[in-house]
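J.: The structure under discussion is supplied below as structure tokens; questions concerning it will follow.
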Amino acid sequence: MNAFIYLGPELGKKQDAVDSVKEKFSNAEEHTFYAGETTVSIIADTLQNHSLFAESRIIIVKNADAIKKKDEIELIASCIKNMEENTALILLSDETRLAGGLEDAVPKANKQIFYEMFEREKTEWLKQFFRREGFNIDNDCIATILEMVENNTDAMKRECSRLIQFLPKDRHVMPDDIEKWLSHNREESPFTLFSRIATGDISKALESLAVMTGAKESAQGILAGLAWQFRKLKSYLTLAEKGELNNYAELKRLGLSAPKVKDDFASAARRYNADAVDACLALTAKYDMLLRSPAAALENILMDRYILAIIGLVRQPG
């Protein structure tokens with residue numbers, strides 16, 4: 001059966017798995033849908049219909065965790081059961097589980113969860129990437145990349161592929177080189193969005209969010225990235241309270257040693273104290289739950305409201 005479920009937050013390895021399926025269906029007609037935006041009936045029709053122009057077909061359904069209603073689950077499960085051999089269905093989600101009926105319809109051997117890599121794995125991945133490109137970068141440069149790039153190999157590959165176009169080849173690469181060009185060339189991400197939030201720039205924050213959602217970034221993935229940043233902000237505030245903001249070793253351990261990163265967190269610390277950070281984390285969790293509810297149909301409105309609310313949660317009294 002050519003039905004597959006690939007889950008989890010590690011986007012790069014998940015994409016490798018998708019590409020592996022595509023290699024088995026060369027010159028296939030490909031359809032990509034976003035569950036929650038495209039009705040399940042349209043997805044089912046595509047699965048059941050024959051192609052007039054291609055020998056094989058691949059149907060990719062992203063955000064498959066949004067398929068929750070009993071009748072929708074049963075419809076897709078029925079389609080999987082009766083799927084033609086020349087058709088492949090790939091269900092994707094950043095979550096680690098889908099509805100039970102979907103999971104049961106797919107062979108266990110065709111299901112995989114891709115978790116985030118451990119720190120040592122990311123370090124080794126980056127070393128190998130730059131080695132293949134003819135650069136020998138040190139651990140300080142790698143630490144700077146890990147502070148400024150999202151925590152998955154898809155983002156690392158995308159950012160580093162641009163980065164190598166600008167790094168010097170006539171001298172040793174320095175962390176300042178990494179920071180300069182990552183800051184200059186990077187696309188919008190939860191990191192850049194947090195930077196806008198840190199300065200209280202509502203218009204820039206909404207613009208950053210619009211770019212990400214327009215590029216089909218997962219709303220829940222954006223919230224997860226921001227939650228990670230706010231947890232780091234809490235650690236930053238603890239250091240500030242202890243008078244240890246000049247402790248480079250501790251800042252590096254927390255992933256806060258790069259100058260641009262420190263500037264962002266210094267700005268955020270002027271807007272949010274520890275109580276406000278707790279409120280931000282609670283608000284982020286609340287909107288994450290809303291995005292899993294029937295209100296998820298209003299995803300763009302919910303995310304705009306979230307940004308306005310999170311910027312409004314300035315320093316709490318106390």
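In the structure tokens, each chain is lettered A, B, ... as it comes, each chain's residues begin at 1, and ligands are numbered from 1 in order of appearance.
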Identify, on the basis of only C-alpha atoms, every residue whose closest approach to Ile90 (chain A) does not exceed 10 Å; exclude the query and any residue fewer than 5 positions from it along the same chain; express the result as a ChimeraX atom specification.
T.: /A:2-6,17-18,21,32,58-62,64,110-111
J.: Could you dump the residues just selected with N, CA and C atoms as a tab-separated table (two decimals), in the first residue's frame?
T.:
chain	number	residue	atom	x	y	z
A	2	ASN	N	0.58	2.19	-0.88
A	2	ASN	CA	1.41	3.40	-1.01
A	2	ASN	C	0.81	4.59	-0.27
A	3	ALA	N	0.46	4.35	0.98
A	3	ALA	CA	0.00	5.43	1.86
A	3	ALA	C	1.04	5.59	2.96
A	4	PHE	N	1.41	6.85	3.26
A	4	PHE	CA	2.48	7.12	4.21
A	4	PHE	C	2.05	8.22	5.17
A	5	ILE	N	2.52	8.12	6.41
A	5	ILE	CA	2.32	9.17	7.41
A	5	ILE	C	3.68	9.58	7.94
A	6	TYR	N	4.03	10.84	7.74
A	6	TYR	CA	5.29	11.39	8.24
A	6	TYR	C	4.97	12.56	9.17
A	17	ALA	N	12.18	12.04	3.48
A	17	ALA	CA	11.30	10.87	3.37
A	17	ALA	C	10.30	11.06	2.23
A	18	VAL	N	9.76	12.28	2.12
A	18	VAL	CA	8.83	12.58	1.02
A	18	VAL	C	9.55	12.42	-0.32
A	21	VAL	N	9.85	8.86	-1.44
A	21	VAL	CA	8.63	8.33	-2.06
A	21	VAL	C	8.52	8.82	-3.50
A	32	THR	N	-0.76	18.86	-4.05
A	32	THR	CA	-0.49	19.19	-2.65
A	32	THR	C	-1.68	19.94	-2.08
A	58	ILE	N	0.96	11.42	-7.06
A	58	ILE	CA	1.32	11.58	-5.65
A	58	ILE	C	0.42	12.67	-5.07
A	59	ILE	N	-0.29	12.34	-4.02
A	59	ILE	CA	-1.14	13.32	-3.33
A	59	ILE	C	-0.54	13.57	-1.95
A	60	ILE	N	-0.15	14.80	-1.70
A	60	ILE	CA	0.45	15.20	-0.42
A	60	ILE	C	-0.55	16.05	0.35
A	61	VAL	N	-0.82	15.66	1.58
A	61	VAL	CA	-1.74	16.41	2.43
A	61	VAL	C	-0.96	16.93	3.64
A	62	LYS	N	-0.74	18.24	3.68
A	62	LYS	CA	-0.04	18.86	4.81
A	62	LYS	C	-1.04	19.24	5.90
A	64	ALA	N	-2.12	17.42	8.24
A	64	ALA	CA	-3.13	16.35	8.26
A	64	ALA	C	-3.77	16.17	9.62
A	110	ASN	N	4.94	2.17	7.16
A	110	ASN	CA	4.90	3.40	6.36
A	110	ASN	C	4.68	4.64	7.23
A	111	LYS	N	4.81	4.48	8.55
A	111	LYS	CA	4.63	5.62	9.46
A	111	LYS	C	5.95	5.93	10.16
J.: Skipping near chain neighbours, those fewer than 6 positions away, what residues fall within 9 Å of Leu102 (chain A) using only C-alpha atoms, listed as number ranges by chain?
T.: A: 5, 67, 73-74, 76-77
J.: Tell me, as number ranges by chain, which residues lie within 9 Å of Ala285 (chain A), counting only C-alpha atoms; anything in the same chain fewer than 5 positions away does not count.
T.: A: 223-224, 227, 280, 290
J.: Could you tell me which of A:Ile164, A:Leu313, A:Ala268, A:Val106 comes closest to Thr284 (chain A) if we count only C-alpha atoms?
T.: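 For Thr284 (chain A), the nearest of the candidates is A:Leu313.
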J.: Quick one: residues within 10 Å of Met1 (chain A), only C-alpha atoms counted, chain neighbours fewer than 4 positions away excluded, as a PyMOL selection string?
T.: chain A and resi 80-89+105-107+110
J.: Just the selected residues (N, CA and C atoms), exported as a short mmCIF file (atom, residue, chain, number, x, y, z; two decimals), in the first residue's frame, please.
T.:
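The new file result.cif reads:
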data_model
loop_
_atom_site.label_atom_id
_atom_site.label_comp_id
_atom_site.auth_asym_id
_atom_site.auth_seq_id
_atom_site.Cartn_x
_atom_site.Cartn_y
_atom_site.Cartn_z
N ILE A 80 -7.92 5.25 1.11
CA ILE A 80 -6.64 4.56 1.26
C ILE A 80 -6.80 3.07 0.98
N LYS A 81 -7.87 2.50 1.50
CA LYS A 81 -8.13 1.07 1.33
C LYS A 81 -8.30 0.70 -0.14
N ASN A 82 -8.89 1.62 -0.90
CA ASN A 82 -9.20 1.31 -2.32
C ASN A 82 -8.29 2.04 -3.30
N MET A 83 -7.15 2.51 -2.82
CA MET A 83 -6.25 3.29 -3.65
C MET A 83 -5.57 2.43 -4.72
N GLU A 84 -5.40 2.98 -5.91
CA GLU A 84 -4.73 2.27 -6.99
C GLU A 84 -3.24 2.17 -6.72
N GLU A 85 -2.60 1.17 -7.32
CA GLU A 85 -1.17 0.93 -7.08
C GLU A 85 -0.30 2.07 -7.59
N ASN A 86 -0.78 2.77 -8.61
CA ASN A 86 0.04 3.84 -9.18
C ASN A 86 -0.22 5.19 -8.50
N THR A 87 -0.89 5.15 -7.35
CA THR A 87 -1.18 6.37 -6.60
C THR A 87 -0.55 6.28 -5.21
N ALA A 88 0.09 7.38 -4.79
CA ALA A 88 0.67 7.45 -3.44
C ALA A 88 0.03 8.60 -2.68
N LEU A 89 -0.26 8.36 -1.41
CA LEU A 89 -0.79 9.39 -0.52
C LEU A 89 0.19 9.60 0.62
N ALA A 105 -5.32 3.19 9.21
CA ALA A 105 -5.48 2.88 7.79
C ALA A 105 -4.15 2.73 7.06
N VAL A 106 -3.07 3.15 7.70
CA VAL A 106 -1.74 3.13 7.06
C VAL A 106 -0.87 2.07 7.71
N PRO A 107 -0.18 1.24 6.93
CA PRO A 107 0.69 0.20 7.51
C PRO A 107 1.73 0.81 8.45
N ASN A 110 4.94 2.17 7.16
CA ASN A 110 4.90 3.40 6.36
C ASN A 110 4.68 4.64 7.23
#
J.: For region 14-16 of chain A, list every protein, DNA or RNA residue within 9 Å, evaluated using only C-alpha atoms, and leave out those in the same chain fewer than 5 positions away; present the list as a list in words.
T.: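 So the residues in contact are Tyr6, Leu7, Gly8, Pro9, Val21, Leu92, Gln112, Ile113, Phe114 and Asp154 of chain A.
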J.: Extract, using only C-alpha atoms, all DNA, RNA and protein residues at most 10 Å from Glu116 (chain A), discarding same-chain residues fewer than 2 positions from it, and format them as a PDB file with C-alpha atoms, in the first residue's frame.
T.:
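File written: selection24.pdb
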ATOM      1  CA  GLY A   8       7.065  15.545  13.809  1.00  0.00           C
ATOM      2  CA  PRO A   9       8.894  18.875  13.918  1.00  0.00           C
ATOM      3  CA  GLU A  10      12.097  17.836  12.082  1.00  0.00           C
ATOM      4  CA  LEU A  11      11.203  19.230   8.674  1.00  0.00           C
ATOM      5  CA  GLY A  12      14.398  18.392   6.829  1.00  0.00           C
ATOM      6  CA  LYS A  13      14.383  14.646   7.478  1.00  0.00           C
ATOM      7  CA  ILE A 113       7.913  10.437  13.444  1.00  0.00           C
ATOM      8  CA  PHE A 114      10.828  12.815  12.910  1.00  0.00           C
ATOM      9  CA  PHE A 118      19.960  16.542  19.672  1.00  0.00           C
ATOM     10  CA  GLU A 119      22.489  19.370  19.955  1.00  0.00           C
ATOM     11  CA  GLU A 121      23.546  15.858  15.949  1.00  0.00           C
ATOM     12  CA  LYS A 122      22.893  19.415  14.751  1.00  0.00           C
ATOM     13  CA  ASN A 151      15.700  24.122  15.132  1.00  0.00           C
ATOM     14  CA  ASN A 152      15.327  21.805  12.112  1.00  0.00           C
ATOM     15  CA  THR A 153      17.530  20.678   9.239  1.00  0.00           C
TER      16      THR A 153
END
J.: When DSSP is applied to the backbone of this structure, which of region 222-306 of chain A are assigned helix (DSSP H, G or I)? Write them out as a PyMOL selection string.
T.: chain A and resi 222-242+248-253+259-271+274-290+294-306
J.: Expressed in Å to a single decimal, how great is the separation between CA of Arg292 (chain A) and CA of Arg97 (chain A)?
T.: 12.8 Å
J.: Just how far from CA of Lys70 (chain A) is CA of Ala99 (chain A), in Å to one decimal?
T.: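 Distance between the two atoms: 9.1 Å.
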J.: Please tabulate, as a Markdown table, the residues of region 173-212 of chain A that come within 12 Å of region 249-258 of chain A, each with its closest pair of atoms and the distance in Å to one decimal, counting only C-alpha atoms and ordering rows by chain, then residue number upward.
T.:
| residue | atom | partner | partner_atom | distance |
| --- | --- | --- | --- | --- |
| A:Met174 | CA | A:Ala258 | CA | 11.7 |
| A:Pro175 | CA | A:Ala258 | CA | 8.0 |
| A:Asp176 | CA | A:Ala258 | CA | 8.4 |
| A:Asp177 | CA | A:Ala258 | CA | 11.2 |
| A:Ile178 | CA | A:Ala258 | CA | 9.7 |
| A:Glu179 | CA | A:Ala258 | CA | 7.3 |
| A:Lys180 | CA | A:Ala258 | CA | 10.4 |
| A:Leu182 | CA | A:Ala258 | CA | 11.4 |
| A:Ser183 | CA | A:Ala258 | CA | 11.1 |
J.: Write out as a list in words which residues come within 10 Å of Gly225 (chain A) when counting only C-alpha atoms, dropping same-chain ones fewer than 6 positions away.
T.: Glu150, Asn151, Ser189, Pro190, Phe191, Leu193, Phe194 and Ala219 of chain A
J.: Could you tell me how far CA of Asp278 (chain A) sits from CA of Ala266 (chain A), in Å to one decimal place?
T.: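 Computing it gives 17.3 Å between the two atoms.
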J.: I'd like to know which residues of region 75-139 of chain A are strand (DSSP E or B) (by DSSP, run on the backbone); could you write them as a list in words?
T.: Thr87, Ala88, Leu89, Ile90, Leu91, Leu92, Ser93, Lys111, Gln112 and Ile113 of chain A
